[in-house]
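Engineer: Below is the structure I would like to discuss, written out as structure tokens.
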Amino acid sequence: MNKGVIDHVKVKNQQQEQYSLDKKQIDSPVVENILARVRSCPTSGSQRRSQEIARRRQEWIGGEEFSPNPESHFVQTLRGCFVAQGDCPNKNVTFWLYSKETRNNPKLLDPLDLDPKDFLPKQKVIILLHGYSGHRDYAPNTSIRPALLDNEFVYVISIDYGPLVREPCFPQSILNAPLVSKCLAQLINNLVDSGIVENDLLHIIGFSLGSQVAGQTANYVKQKLHRITGLDPAKPFFALAISGERLDAEDADFVDVIHTDPPERGVLKPAGHVDFYPNFRVGDQPGCEREEDPGSCNHNRAPEFYAESINSKLGFWGIRCHNLLPHVFGRCAAGQSQALMGYYVSPIFNEAASGVEFEVEWDKVAPSGAQMLHCIHIYPPV
């Protein structure tokens, strides 16, 4: 065989390795269910890959059945991606406790051996969940954790499940989300059952995939969660997900959501009692139009806005509109009542009674010092 043919074979093999997924993974009934939903979703980069997976599935029909190695804690797939197996606690899901005193030296918590002294004096406990390809020093932790510790008397628990959501393993990350939510629920149940933390002092803040993990956590806790904040909840694989698989208003006493990239990475559909849509009318978030990847910038604006709502002395205020049309044309009535977005969400909306949506527009200002909002649109959820 001459060198040209050998090189061609090598390239062909590399292409097959790059664009194929392990047959064992594809034949999983859970993955098949996810792929069935995703075929009808609006196409994005990750969704196009999923559609390609579905199209190629026929090539692998007729081989071995999906059968994890019982001696292994995960099912190995392409490029080191894996679907985790086993129970909680799990070595791939860790919990790090931060306070004003330990912000530079956090404590690794053992969900089965919690020390009440770590949570004295009693105060709010904020739980932060990162997204796909993240870790405990990744958004939303990098912006929200220091803002909380600088301005509030709280404990912050940063969850690290980075090994379960590594790039380029997005399909496996989705399948690993329930395990993360179960392990988080185990921690919450043990904290509340032992009297270490009161349930109404717990507040979960999830970014992207972390928002959906927060919603799934509600399936496993013994008491209904007090508050969940979703920061641009992830859309791929979740756009058509049923309740219980995604974040929604049933998951906590109060669910507030900020949508910053609904055209691409984030869900458009309302997911909470209160949904905010910053700069929804202007396309890219201010400043993101200059970025190499505007979509990623838009997506990351959600935790940035939220962190700034904690730092701000002015707050992000908006004017209520009664329907969509006035906001589209920038004609919200100035005489309407105002509402506050972010960590200190307005008390009138904090009762979780009505379920409303907001369209929020800054006068094309990026997050860098609190600005007066131009308009908030409120209308009944669909």
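Chains: A, B, ... in order of the structure tokens. Residues: from 1 per chain. Ligands: from 1, in order shown.
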Which parts of segment 69-194 of chain A does DSSP call helix (DSSP H, G or I) when run on the backbone here, written out as a PyMOL selection string?

Structural biologist: chain A and resi 78-80+116-119+141-151+162-164+170-193

Engineer: Tell me which protein, DNA and RNA residues are within 12 Å of Arg301 of chain A, counting only C-alpha atoms, leaving out same-chain ones fewer than 6 positions away, and put them as number ranges by chain.

Structural biologist: A: 139-140, 143-144, 207-208, 231-232, 258-261, 265-266, 277-279, 284-288, 294-295, 307-308, 365-368

Engineer: Keeping only C-alpha atoms, take the residues you just selected and write them out as a CSV table (one decimal), in the first residue's frame.

Structural biologist:
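This went into part23.csv:
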chain,number,residue,atom,x,y,z
A,139,ALA,CA,-19.6,30.7,36.2
A,140,PRO,CA,-21.7,31.5,38.2
A,143,SER,CA,-19.0,36.4,39.9
A,144,ILE,CA,-21.8,35.6,42.3
A,207,PHE,CA,-26.5,28.7,35.6
A,208,SER,CA,-27.3,27.1,32.2
A,231,LEU,CA,-29.8,31.9,35.1
A,232,ASP,CA,-30.4,31.4,31.4
A,258,ILE,CA,-33.3,35.5,33.9
A,259,HIS,CA,-33.1,34.8,30.2
A,260,THR,CA,-30.2,36.4,28.3
A,261,ASP,CA,-29.7,34.1,25.3
A,265,ARG,CA,-28.3,28.6,24.4
A,266,GLY,CA,-31.1,29.5,26.8
A,277,TYR,CA,-35.7,38.9,29.5
A,278,PRO,CA,-32.9,41.5,29.6
A,279,ASN,CA,-32.4,43.4,26.3
A,284,ASP,CA,-27.2,40.6,21.4
A,285,GLN,CA,-26.5,41.7,25.0
A,286,PRO,CA,-24.7,45.1,25.0
A,287,GLY,CA,-21.0,44.6,24.4
A,288,CYS,CA,-21.5,41.0,23.1
A,294,PRO,CA,-21.7,36.6,20.8
A,295,GLY,CA,-23.9,33.7,21.9
A,307,ALA,CA,-23.8,39.4,40.6
A,308,GLU,CA,-24.2,43.0,39.8
A,365,VAL,CA,-25.7,49.4,28.6
A,366,ALA,CA,-23.5,46.4,29.5
A,367,PRO,CA,-23.2,45.4,33.2
A,368,SER,CA,-20.7,47.8,34.8

Engineer: Please report the interatomic distance between atom CA of Asp118 of chain A and atom CA of Gly162 of chain A in Å with one decimal.

Structural biologist: 24.5 Å

Engineer: Of the residues A:Arg246, A:His226, A:Gly215, A:Cys183, which is the one nearest to Asp87 of chain A, using only C-alpha atoms?

Structural biologist: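 Among the listed residues, the smallest separation from Asp87 of chain A belongs to A:Cys183.
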
Engineer: Go ahead and compute the interatomic distance for atom CA of Arg227 of chain A and atom CA of Leu179 of chain A, in Å to one decimal.

Structural biologist: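 Here the two named atoms are 20.9 Å from each other.
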
Engineer: Env of Leu209 of chain A: 9 Å cut, atoms = only C-alpha atoms, seq-sep filter 3 positions within chain, self excluded. Answer as a PyMOL selection string.

Structural biologist: chain A and resi 129-132+173-174+177+206+212-214+232-235

Engineer: Can you list, as a PyMOL selection string, every protein, DNA or RNA residue that comes within 6 Å of Ser99 of chain A when you count only C-alpha atoms, leaving out same-chain residues fewer than 3 positions away?

Structural biologist: chain A and resi 102-103+155

Engineer: Between atom CA of Ser309 of chain A and atom CA of Pro146 of chain A, what is the distance in Å, rounded to a tenth?

Structural biologist: 12.6 Å

Engineer: When distances are computed from only C-alpha atoms, which of A:Glu167, A:Asp150, A:Glu250, A:Asp110 shows the smallest separation from Leu187 of chain A?

Structural biologist: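 Of A:Glu167, A:Asp150, A:Glu250, A:Asp110, the one nearest Leu187 of chain A, counting only C-alpha atoms, is A:Asp110.
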
Engineer: Can you list, as a PyMOL selection string, all residues belonging to segment 130-303 of chain A that DSSP tags as strand (DSSP E)?

Structural biologist: chain A and resi 154-160+202-207+225-231+252-258+274-278
